[in-house]
file final-v5.tsv (TSV, N, CA and C atoms)
chain	number	residue	atom	x	y	z
A	29	MET	N	-25.24	28.36	24.65
A	29	MET	CA	-25.19	28.45	23.20
A	29	MET	C	-23.90	27.86	22.64
A	30	ASN	N	-22.76	28.12	23.34
A	30	ASN	CA	-21.48	27.62	22.87
A	30	ASN	C	-21.43	26.09	22.84
A	31	LYS	N	-22.03	25.44	23.85
A	31	LYS	CA	-21.98	23.98	23.87
A	31	LYS	C	-22.79	23.38	22.73
A	32	TYR	N	-23.82	24.06	22.23
A	32	TYR	CA	-24.57	23.58	21.07
A	32	TYR	C	-23.74	23.72	19.80
A	33	ILE	N	-23.01	24.80	19.69
A	33	ILE	CA	-22.14	24.99	18.52
A	33	ILE	C	-21.04	23.93	18.52
A	34	ILE	N	-20.44	23.68	19.67
A	34	ILE	CA	-19.40	22.65	19.76
A	34	ILE	C	-19.98	21.28	19.44
A	35	PHE	N	-21.16	20.98	19.98
A	35	PHE	CA	-21.80	19.69	19.73
A	35	PHE	C	-22.10	19.50	18.25
A	36	PHE	N	-22.74	20.48	17.60
A	36	PHE	CA	-23.07	20.35	16.18
A	36	PHE	C	-21.84	20.41	15.29
A	37	GLY	N	-20.84	21.16	15.70
A	37	GLY	CA	-19.57	21.18	14.95
A	37	GLY	C	-18.90	19.82	14.99
A	38	THR	N	-18.84	19.23	16.17
A	38	THR	CA	-18.27	17.89	16.32
A	38	THR	C	-19.07	16.87	15.54
A	39	LEU	N	-20.38	16.98	15.58
A	39	LEU	CA	-21.26	16.07	14.85
A	39	LEU	C	-21.03	16.18	13.34
A	40	CYS	N	-20.90	17.41	12.84
A	40	CYS	CA	-20.66	17.62	11.40
A	40	CYS	C	-19.30	17.06	10.98
A	41	ILE	N	-18.28	17.32	11.78
A	41	ILE	CA	-16.94	16.80	11.45
A	41	ILE	C	-16.96	15.28	11.46
A	42	SER	N	-17.60	14.68	12.45
A	42	SER	CA	-17.71	13.22	12.52
A	42	SER	C	-18.45	12.67	11.31
A	43	PHE	N	-19.50	13.32	10.92
A	43	PHE	CA	-20.29	12.89	9.77
A	43	PHE	C	-19.45	12.92	8.49
A	44	VAL	N	-18.67	13.98	8.30
A	44	VAL	CA	-17.79	14.09	7.13
A	44	VAL	C	-16.74	12.99	7.15
A	45	LEU	N	-16.15	12.73	8.31
A	45	LEU	CA	-15.13	11.68	8.41
A	45	LEU	C	-15.71	10.31	8.11
A	46	ILE	N	-16.92	10.05	8.59
A	46	ILE	CA	-17.56	8.76	8.33
A	46	ILE	C	-17.86	8.59	6.84
A	47	LEU	N	-18.37	9.64	6.20
A	47	LEU	CA	-18.72	9.55	4.79
A	47	LEU	C	-17.49	9.41	3.88
A	48	THR	N	-16.36	9.97	4.28
A	48	THR	CA	-15.18	9.96	3.42
A	48	THR	C	-14.16	8.90	3.83
A	49	ASN	N	-14.50	8.04	4.77
A	49	ASN	CA	-13.58	6.99	5.21
A	49	ASN	C	-13.32	6.03	4.05
A	50	PRO	N	-12.04	5.84	3.66
A	50	PRO	CA	-11.74	4.94	2.53
A	50	PRO	C	-12.07	3.48	2.84
A	51	ASP	N	-12.52	2.77	1.82
A	51	ASP	CA	-12.84	1.35	1.98
A	51	ASP	C	-11.62	0.49	1.63
A	52	ARG	N	-11.76	-0.82	1.73
A	52	ARG	CA	-10.65	-1.73	1.47
A	52	ARG	C	-10.05	-1.58	0.08
A	53	PRO	N	-10.86	-1.45	-0.99
A	53	PRO	CA	-10.24	-1.29	-2.31
A	53	PRO	C	-9.32	-0.06	-2.43
A	54	LYS	N	-9.64	1.01	-1.73
A	54	LYS	CA	-8.74	2.18	-1.77
A	54	LYS	C	-7.43	1.88	-1.06
A	55	HIS	N	-7.51	1.15	0.03
A	55	HIS	CA	-6.29	0.77	0.75
A	55	HIS	C	-5.45	-0.15	-0.14
A	56	ALA	N	-6.10	-1.13	-0.77
A	56	ALA	CA	-5.39	-2.06	-1.64
A	56	ALA	C	-4.76	-1.33	-2.83
A	57	MET	N	-5.46	-0.36	-3.39
A	57	MET	CA	-4.94	0.40	-4.53
A	57	MET	C	-3.70	1.21	-4.13
A	58	ALA	N	-3.71	1.78	-2.93
A	58	ALA	CA	-2.56	2.56	-2.47
A	58	ALA	C	-1.32	1.67	-2.33
A	59	VAL	N	-1.50	0.49	-1.78
A	59	VAL	CA	-0.38	-0.45	-1.63
A	59	VAL	C	0.06	-0.94	-3.00
A	60	LYS	N	-0.90	-1.22	-3.88
A	60	LYS	CA	-0.57	-1.71	-5.22
A	60	LYS	C	0.25	-0.69	-6.00
A	61	GLU	N	-0.08	0.58	-5.87
A	61	GLU	CA	0.68	1.62	-6.57
A	61	GLU	C	2.15	1.60	-6.14
A	62	ILE	N	2.38	1.48	-4.84
A	62	ILE	CA	3.76	1.46	-4.34
A	62	ILE	C	4.49	0.20	-4.81
A	63	LEU	N	3.85	-0.96	-4.65
A	63	LEU	CA	4.49	-2.21	-5.06
A	63	LEU	C	4.78	-2.23	-6.56
A	64	THR	N	3.82	-1.77	-7.36
A	64	THR	CA	4.00	-1.76	-8.81
A	64	THR	C	5.13	-0.83	-9.22
A	65	LYS	N	5.18	0.34	-8.62
A	65	LYS	CA	6.23	1.31	-8.96
A	65	LYS	C	7.61	0.75	-8.62
A	66	GLU	N	7.76	0.19	-7.44
A	66	GLU	CA	9.06	-0.34	-7.02
A	66	GLU	C	9.44	-1.58	-7.84
A	67	PHE	N	8.48	-2.43	-8.14
A	67	PHE	CA	8.76	-3.63	-8.94
A	67	PHE	C	9.18	-3.24	-10.35
A	68	ASN	N	8.45	-2.32	-10.97
A	68	ASN	CA	8.79	-1.89	-12.32
A	68	ASN	C	10.16	-1.22	-12.36
A	69	LYS	N	10.47	-0.45	-11.33
A	69	LYS	CA	11.78	0.20	-11.28
A	69	LYS	C	12.89	-0.85	-11.20
A	70	ALA	N	12.69	-1.88	-10.36
A	70	ALA	CA	13.70	-2.93	-10.22
A	70	ALA	C	13.85	-3.74	-11.50
A	71	MET	N	12.74	-4.08	-12.14
A	71	MET	CA	12.81	-4.88	-13.37
A	71	MET	C	13.41	-4.06	-14.53
A	72	THR	N	13.10	-2.79	-14.59
A	72	THR	CA	13.68	-1.93	-15.63
A	72	THR	C	15.18	-1.82	-15.43
A	73	GLU	N	15.62	-1.69	-14.20
A	73	GLU	CA	17.05	-1.65	-13.90
A	73	GLU	C	17.71	-2.97	-14.28
A	74	GLU	N	17.02	-4.07	-14.01
A	74	GLU	CA	17.54	-5.39	-14.38
A	74	GLU	C	17.67	-5.51	-15.90
A	75	LEU	N	16.67	-5.03	-16.63
A	75	LEU	CA	16.75	-5.04	-18.10
A	75	LEU	C	17.91	-4.19	-18.60
A	76	ARG	N	18.08	-3.04	-17.98
A	76	ARG	CA	19.12	-2.11	-18.41
A	76	ARG	C	20.52	-2.67	-18.16
A	77	THR	N	20.68	-3.38	-17.04
A	77	THR	CA	22.01	-3.87	-16.68
A	77	THR	C	22.24	-5.34	-17.06
A	78	SER	N	21.30	-5.97	-17.74
A	78	SER	CA	21.46	-7.39	-18.07
A	78	SER	C	22.65	-7.57	-19.01
A	79	ARG	N	23.37	-8.66	-18.76
A	79	ARG	CA	24.60	-8.91	-19.51
A	79	ARG	C	24.41	-9.90	-20.65
A	80	ASN	N	23.28	-10.60	-20.63
A	80	ASN	CA	23.05	-11.54	-21.72
A	80	ASN	C	21.55	-11.60	-22.01
A	81	ASN	N	21.20	-12.30	-23.07
A	81	ASN	CA	19.80	-12.39	-23.49
A	81	ASN	C	18.93	-13.12	-22.48
A	82	TYR	N	19.50	-14.08	-21.78
A	82	TYR	CA	18.73	-14.83	-20.78
A	82	TYR	C	18.27	-13.90	-19.65
A	83	GLN	N	19.16	-13.06	-19.15
A	83	GLN	CA	18.80	-12.12	-18.09
A	83	GLN	C	17.76	-11.13	-18.58
A	84	ALA	N	17.93	-10.64	-19.81
A	84	ALA	CA	16.98	-9.67	-20.36
A	84	ALA	C	15.61	-10.31	-20.55
A	85	THR	N	15.58	-11.54	-21.03
A	85	THR	CA	14.31	-12.24	-21.22
A	85	THR	C	13.63	-12.49	-19.88
A	86	SER	N	14.40	-12.89	-18.89
A	86	SER	CA	13.84	-13.14	-17.55
A	86	SER	C	13.25	-11.86	-16.97
A	87	ALA	N	13.94	-10.75	-17.12
A	87	ALA	CA	13.43	-9.47	-16.61
A	87	ALA	C	12.18	-9.06	-17.37
A	88	GLY	N	12.15	-9.29	-18.67
A	88	GLY	CA	10.96	-8.96	-19.47
A	88	GLY	C	9.76	-9.79	-19.05
A	89	ILE	N	9.97	-11.06	-18.81
A	89	ILE	CA	8.88	-11.93	-18.35
A	89	ILE	C	8.44	-11.48	-16.95
A	90	GLY	N	9.40	-11.10	-16.12
A	90	GLY	CA	9.06	-10.59	-14.78
A	90	GLY	C	8.17	-9.37	-14.85
A	91	LEU	N	8.47	-8.47	-15.79
A	91	LEU	CA	7.62	-7.29	-15.97
A	91	LEU	C	6.21	-7.68	-16.38
A	92	LEU	N	6.09	-8.68	-17.25
A	92	LEU	CA	4.77	-9.10	-17.71
A	92	LEU	C	3.96	-9.78	-16.60
A	93	LEU	N	4.62	-10.59	-15.79
A	93	LEU	CA	3.93	-11.35	-14.75
A	93	LEU	C	3.81	-10.60	-13.43
A	94	GLY	N	4.54	-9.53	-13.30
A	94	GLY	CA	4.57	-8.79	-12.04
A	94	GLY	C	3.23	-8.30	-11.56
A	95	SER	N	2.42	-7.81	-12.47
A	95	SER	CA	1.12	-7.26	-12.09
A	95	SER	C	0.23	-8.32	-11.46
A	96	SER	N	0.18	-9.51	-12.04
A	96	SER	CA	-0.67	-10.56	-11.46
A	96	SER	C	-0.10	-11.05	-10.14
A	97	LEU	N	1.21	-11.07	-9.99
A	97	LEU	CA	1.82	-11.46	-8.73
A	97	LEU	C	1.49	-10.44	-7.64
A	98	ILE	N	1.57	-9.18	-7.97
A	98	ILE	CA	1.26	-8.12	-7.01
A	98	ILE	C	-0.21	-8.19	-6.61
A	99	ASP	N	-1.11	-8.45	-7.56
A	99	ASP	CA	-2.53	-8.60	-7.24
A	99	ASP	C	-2.76	-9.74	-6.25
A	100	LYS	N	-2.07	-10.86	-6.45
A	100	LYS	CA	-2.22	-11.99	-5.54
A	100	LYS	C	-1.69	-11.67	-4.15
A	101	VAL	N	-0.59	-10.94	-4.07
A	101	VAL	CA	-0.04	-10.54	-2.78
A	101	VAL	C	-1.03	-9.64	-2.05
A	102	ILE	N	-1.60	-8.69	-2.77
A	102	ILE	CA	-2.55	-7.76	-2.15
A	102	ILE	C	-3.80	-8.50	-1.68
A	103	ASP	N	-4.31	-9.41	-2.50
A	103	ASP	CA	-5.50	-10.16	-2.11
A	103	ASP	C	-5.24	-11.03	-0.88
A	104	GLY	N	-4.04	-11.58	-0.76
A	104	GLY	CA	-3.76	-12.50	0.32
A	104	GLY	C	-3.23	-11.88	1.60
A	105	TYR	N	-2.59	-10.72	1.51
A	105	TYR	CA	-1.89	-10.20	2.68
A	105	TYR	C	-2.32	-8.81	3.13
A	106	ILE	N	-3.05	-8.07	2.31
A	106	ILE	CA	-3.42	-6.70	2.66
A	106	ILE	C	-4.89	-6.67	3.08
A	107	ASP	N	-5.16	-5.96	4.17
A	107	ASP	CA	-6.52	-5.79	4.66
A	107	ASP	C	-6.64	-4.40	5.25
A	108	SER	N	-7.86	-4.01	5.56
A	108	SER	CA	-8.06	-2.72	6.22
A	108	SER	C	-8.99	-2.93	7.42
A	109	GLU	N	-8.79	-2.10	8.42
A	109	GLU	CA	-9.61	-2.16	9.62
A	109	GLU	C	-10.33	-0.83	9.74
A	110	ASN	N	-11.66	-0.88	9.80
A	110	ASN	CA	-12.49	0.31	9.79
A	110	ASN	C	-12.81	0.75	11.22
A	111	PHE	N	-12.49	2.01	11.52
A	111	PHE	CA	-12.83	2.59	12.81
A	111	PHE	C	-13.86	3.71	12.65
A	112	TYR	N	-14.59	3.69	11.54
A	112	TYR	CA	-15.66	4.63	11.19
A	112	TYR	C	-15.15	6.04	10.87
A	113	LEU	N	-14.36	6.64	11.74
A	113	LEU	CA	-13.84	7.99	11.47
A	113	LEU	C	-12.56	7.93	10.64
A	114	PHE	N	-11.86	6.83	10.72
A	114	PHE	CA	-10.64	6.58	9.95
A	114	PHE	C	-10.49	5.08	9.79
A	115	SER	N	-9.54	4.65	8.99
A	115	SER	CA	-9.28	3.23	8.82
A	115	SER	C	-7.77	3.01	8.71
A	116	LEU	N	-7.36	1.79	9.00
A	116	LEU	CA	-5.95	1.45	8.97
A	116	LEU	C	-5.69	0.39	7.91
A	117	THR	N	-4.57	0.53	7.21
A	117	THR	CA	-4.12	-0.48	6.26
A	117	THR	C	-3.24	-1.45	7.02
A	118	LYS	N	-3.52	-2.73	6.88
A	118	LYS	CA	-2.76	-3.75	7.62
A	118	LYS	C	-2.21	-4.77	6.64
A	119	ILE	N	-1.04	-5.29	6.99
A	119	ILE	CA	-0.43	-6.37	6.22
A	119	ILE	C	-0.21	-7.54	7.17
A	120	ASN	N	-0.51	-8.73	6.70
A	120	ASN	CA	-0.36	-9.94	7.50
A	120	ASN	C	1.01	-10.54	7.19
A	121	VAL	N	1.89	-10.51	8.19
A	121	VAL	CA	3.24	-11.05	8.04
A	121	VAL	C	3.44	-12.11	9.10
A	122	ASP	N	3.63	-13.34	8.68
A	122	ASP	CA	3.84	-14.47	9.60
A	122	ASP	C	2.74	-14.57	10.65
A	123	GLY	N	1.51	-14.34	10.26
A	123	GLY	CA	0.38	-14.44	11.17
A	123	GLY	C	0.14	-13.21	12.02
A	124	ASN	N	1.00	-12.22	11.92
A	124	ASN	CA	0.83	-10.98	12.69
A	124	ASN	C	0.39	-9.86	11.76
A	125	ASN	N	-0.61	-9.10	12.19
A	125	ASN	CA	-1.05	-7.94	11.42
A	125	ASN	C	-0.23	-6.73	11.82
A	126	LYS	N	0.38	-6.09	10.84
A	126	LYS	CA	1.15	-4.87	11.09
A	126	LYS	C	0.49	-3.72	10.35
A	127	THR	N	0.37	-2.60	11.01
A	127	THR	CA	-0.23	-1.42	10.41
A	127	THR	C	0.79	-0.73	9.53
A	128	ILE	N	0.40	-0.48	8.26
A	128	ILE	CA	1.31	0.17	7.33
A	128	ILE	C	0.72	1.44	6.73
A	129	GLY	N	-0.53	1.75	7.07
A	129	GLY	CA	-1.13	2.94	6.49
A	129	GLY	C	-2.35	3.43	7.25
A	130	LEU	N	-2.76	4.64	6.91
A	130	LEU	CA	-3.90	5.30	7.52
A	130	LEU	C	-4.79	5.85	6.43
A	131	GLY	N	-6.09	5.61	6.55
A	131	GLY	CA	-7.06	6.17	5.61
A	131	GLY	C	-7.96	7.16	6.32
A	132	ILE	N	-8.02	8.38	5.78
A	132	ILE	CA	-8.87	9.41	6.38
A	132	ILE	C	-9.20	10.43	5.30
A	133	LEU	N	-10.42	10.94	5.35
A	133	LEU	CA	-10.89	11.96	4.39
A	133	LEU	C	-10.73	11.54	2.94
A	134	GLY	N	-10.97	10.26	2.66
A	134	GLY	CA	-10.92	9.76	1.29
A	134	GLY	C	-9.54	9.45	0.76
A	135	LYS	N	-8.51	9.66	1.55
A	135	LYS	CA	-7.12	9.41	1.13
A	135	LYS	C	-6.53	8.29	1.98
A	136	VAL	N	-5.58	7.58	1.39
A	136	VAL	CA	-4.85	6.54	2.12
A	136	VAL	C	-3.38	6.93	2.11
A	137	PHE	N	-2.81	7.00	3.28
A	137	PHE	CA	-1.41	7.36	3.44
A	137	PHE	C	-0.65	6.12	3.90
A	138	ILE	N	0.29	5.66	3.06
A	138	ILE	CA	1.06	4.46	3.36
A	138	ILE	C	2.42	4.86	3.91
A	139	SER	N	2.89	4.13	4.89
A	139	SER	CA	4.18	4.39	5.53
A	139	SER	C	5.32	4.32	4.52
A	140	ASP	N	6.30	5.20	4.70
A	140	ASP	CA	7.49	5.17	3.84
A	140	ASP	C	8.31	3.91	4.06
A	141	LYS	N	8.13	3.25	5.19
A	141	LYS	CA	8.87	2.01	5.46
A	141	LYS	C	8.49	0.92	4.47
A	142	LEU	N	7.23	0.91	4.02
A	142	LEU	CA	6.83	-0.09	3.01
A	142	LEU	C	7.62	0.12	1.73
A	143	LYS	N	7.73	1.37	1.31
A	143	LYS	CA	8.47	1.67	0.09
A	143	LYS	C	9.94	1.29	0.23
A	144	GLU	N	10.53	1.62	1.38
A	144	GLU	CA	11.94	1.28	1.60
A	144	GLU	C	12.16	-0.22	1.60
A	145	ASN	N	11.32	-0.95	2.33
A	145	ASN	CA	11.47	-2.41	2.42
A	145	ASN	C	11.19	-3.08	1.08
A	146	THR	N	10.21	-2.57	0.34
A	146	THR	CA	9.91	-3.12	-0.98
A	146	THR	C	11.06	-2.88	-1.93
A	147	SER	N	11.61	-1.69	-1.88
A	147	SER	CA	12.74	-1.37	-2.74
A	147	SER	C	13.92	-2.28	-2.43
A	148	LYS	N	14.21	-2.52	-1.15
A	148	LYS	CA	15.30	-3.42	-0.77
A	148	LYS	C	15.02	-4.84	-1.25
A	149	LEU	N	13.77	-5.30	-1.10
A	149	LEU	CA	13.41	-6.65	-1.49
A	149	LEU	C	13.57	-6.86	-2.99
A	150	PHE	N	13.05	-5.92	-3.78
A	150	PHE	CA	13.10	-6.07	-5.24
A	150	PHE	C	14.49	-5.87	-5.81
A	151	ASN	N	15.35	-5.17	-5.10
A	151	ASN	CA	16.68	-4.88	-5.62
A	151	ASN	C	17.75	-5.81	-5.08
A	152	GLN	N	17.35	-6.86	-4.35
A	152	GLN	CA	18.33	-7.83	-3.87
A	152	GLN	C	18.88	-8.60	-5.05
A	153	ARG	N	20.16	-8.80	-5.06
A	153	ARG	CA	20.80	-9.61	-6.09
A	153	ARG	C	21.16	-10.96	-5.49
A	154	LYS	N	20.84	-12.00	-6.20
A	154	LYS	CA	21.19	-13.34	-5.72
A	154	LYS	C	22.64	-13.61	-6.10
A	155	THR	N	23.41	-14.00	-5.12
A	155	THR	CA	24.80	-14.30	-5.39
A	155	THR	C	25.00	-15.80	-5.32
A	156	LYS	N	25.67	-16.32	-6.32
A	156	LYS	CA	25.94	-17.76	-6.39
A	156	LYS	C	27.38	-17.98	-6.74
call {"tool": "encode", "arguments": {"input": "final-v5.tsv", "output": "structure tokens"}}
result
Amino acid sequence: MNKYIIFFGTLCISFVLILTNPDRPKHAMAVKEILTKEFNKAMTEELRTSRNNYQATSAGIGLLLGSSLIDKVIDGYIDSENFYLFSLTKINVDGNNKTIGLGILGKVFISDKLKENTSKLFNQRKTK
């Protein structure tokens, strides 16, 4: 009797995991939220600390164009790999796929390293 309970319990859990496995758009949305938040934070800081009208205008234009740029990055570099019970968020960097997130039970969890690296990238100051 116990082996039937274990079998049907495992079957039910597997069925729930399969039904709630996030698809590619959910993975893309999770990455987009992080990229958009970090980009907006960097551009807002640039606007706040700009010393002249040219810098402020550039940051304002960056805020306007940022969303379409982020969409293009996500379309070109972000993908997901489905393992039926869970899925992985992958980013293509220099021809290599790197795992940056996990999707399970309808949620996508993105690595904190993406946020850290994105924050560093957007907050770099060009020195001339």
call {"tool": "residues_around", "arguments": {"input": "final-v5.tsv", "residues": "Leu91 of chain A", "least_positions_apart": "6", "cutoff": "8 Å", "atoms": "only N, CA and C atoms", "output": "PyMOL selection string"}}
result
chain A and resi 67-68+71-72+85
call {"tool": "atom_distance", "arguments": {"input": "final-v5.tsv", "atom1": "atom CA of Glu144 of chain A", "atom2": "atom CA of Leu63 of chain A"}}
result
10.6 Å
call {"tool": "closest_atom_pairs", "arguments": {"input": "final-v5.tsv", "of": "segment 93-125 of chain A", "to": "segment 35-48 of chain A", "cutoff": "6 Å", "atoms": "only N, CA and C atoms", "output": "tab-separated table"}}
result
residue	atom	partner	partner_atom	distance
A:Tyr112	C	A:Ile46	CA	4.4
A:Leu113	CA	A:Leu45	C	4.5
A:Phe114	N	A:Leu45	C	5.8
call {"tool": "atom_distance", "arguments": {"input": "final-v5.tsv", "atom1": "atom CA of Glu109 of chain A", "atom2": "atom CA of Lys60 of chain A"}}
result
17.4 Å
call {"tool": "residues_around", "arguments": {"input": "final-v5.tsv", "residues": "Asp103 of chain A", "least_positions_apart": "2", "cutoff": "12 Å", "atoms": "only C-alpha atoms", "output": "compact mmCIF listing (two decimals) with N, CA and C atoms, keeping the file's coordinate frame"}}
result
# COMPACT_ATOMS: atom_id res chain seq x y z
N ARG A 52 -11.76 -0.82 1.73
CA ARG A 52 -10.65 -1.73 1.47
C ARG A 52 -10.05 -1.58 0.08
N PRO A 53 -10.86 -1.45 -0.99
CA PRO A 53 -10.24 -1.29 -2.31
C PRO A 53 -9.32 -0.06 -2.43
N HIS A 55 -7.51 1.15 0.03
CA HIS A 55 -6.29 0.77 0.75
C HIS A 55 -5.45 -0.15 -0.14
N ALA A 56 -6.10 -1.13 -0.77
CA ALA A 56 -5.39 -2.06 -1.64
C ALA A 56 -4.76 -1.33 -2.83
N MET A 57 -5.46 -0.36 -3.39
CA MET A 57 -4.94 0.40 -4.53
C MET A 57 -3.70 1.21 -4.13
N VAL A 59 -1.50 0.49 -1.78
CA VAL A 59 -0.38 -0.45 -1.63
C VAL A 59 0.06 -0.94 -3.00
N LYS A 60 -0.90 -1.22 -3.88
CA LYS A 60 -0.57 -1.71 -5.22
C LYS A 60 0.25 -0.69 -6.00
N SER A 96 0.18 -9.51 -12.04
CA SER A 96 -0.67 -10.56 -11.46
C SER A 96 -0.10 -11.05 -10.14
N LEU A 97 1.21 -11.07 -9.99
CA LEU A 97 1.82 -11.46 -8.73
C LEU A 97 1.49 -10.44 -7.64
N ILE A 98 1.57 -9.18 -7.97
CA ILE A 98 1.26 -8.12 -7.01
C ILE A 98 -0.21 -8.19 -6.61
N ASP A 99 -1.11 -8.45 -7.56
CA ASP A 99 -2.53 -8.60 -7.24
C ASP A 99 -2.76 -9.74 -6.25
N LYS A 100 -2.07 -10.86 -6.45
CA LYS A 100 -2.22 -11.99 -5.54
C LYS A 100 -1.69 -11.67 -4.15
N VAL A 101 -0.59 -10.94 -4.07
CA VAL A 101 -0.04 -10.54 -2.78
C VAL A 101 -1.03 -9.64 -2.05
N TYR A 105 -2.59 -10.72 1.51
CA TYR A 105 -1.89 -10.20 2.68
C TYR A 105 -2.32 -8.81 3.13
N ILE A 106 -3.05 -8.07 2.31
CA ILE A 106 -3.42 -6.70 2.66
C ILE A 106 -4.89 -6.67 3.08
N ASP A 107 -5.16 -5.96 4.17
CA ASP A 107 -6.52 -5.79 4.66
C ASP A 107 -6.64 -4.40 5.25
N SER A 108 -7.86 -4.01 5.56
CA SER A 108 -8.06 -2.72 6.22
C SER A 108 -8.99 -2.93 7.42
N LYS A 118 -3.52 -2.73 6.88
CA LYS A 118 -2.76 -3.75 7.62
C LYS A 118 -2.21 -4.77 6.64
N ILE A 119 -1.04 -5.29 6.99
CA ILE A 119 -0.43 -6.37 6.22
C ILE A 119 -0.21 -7.54 7.17
N ASN A 120 -0.51 -8.73 6.70
CA ASN A 120 -0.36 -9.94 7.50
C ASN A 120 1.01 -10.54 7.19
call {"tool": "closest_residue", "arguments": {"input": "final-v5.tsv", "among": "A:Asn81, A:Pro50, A:Gly94, A:Ile89", "to": "Leu133 of chain A", "atoms": "only C-alpha atoms"}}
result
A:Pro50
call {"tool": "atom_distance", "arguments": {"input": "final-v5.tsv", "atom1": "atom CA of Ser115 of chain A", "atom2": "atom CA of Gly131 of chain A"}}
result
4.9 Å
call {"tool": "select_by_dssp", "arguments": {"input": "final-v5.tsv", "residues": "chain A", "states": "strand (DSSP E or B)", "output": "count of residues only"}}
result
25
call {"tool": "select_by_dssp", "arguments": {"input": "final-v5.tsv", "residues": "chain A", "states": "helix (DSSP H, G or I)", "output": "PyMOL selection string"}}
result
chain A and resi 30-47+52-77+81-105+140-150
call {"tool": "closest_residue", "arguments": {"input": "final-v5.tsv", "among": "A:Ile33, A:Ala58, A:Leu116, A:Leu75", "to": "Ile132 of chain A", "atoms": "only C-alpha atoms"}}
result
A:Leu116
call {"tool": "closest_residue", "arguments": {"input": "final-v5.tsv", "among": "A:Asp51, A:Met29, A:Ile34, A:Thr64", "to": "Gly134 of chain A", "atoms": "all atoms listed in the file"}}
result
A:Asp51
call {"tool": "residues_around", "arguments": {"input": "final-v5.tsv", "residues": "Asp140 of chain A", "least_positions_apart": "6", "cutoff": "8 Å", "atoms": "all atoms listed in the file", "output": "MDAnalysis selection string"}}
result
chainID A and resid 128:129 146
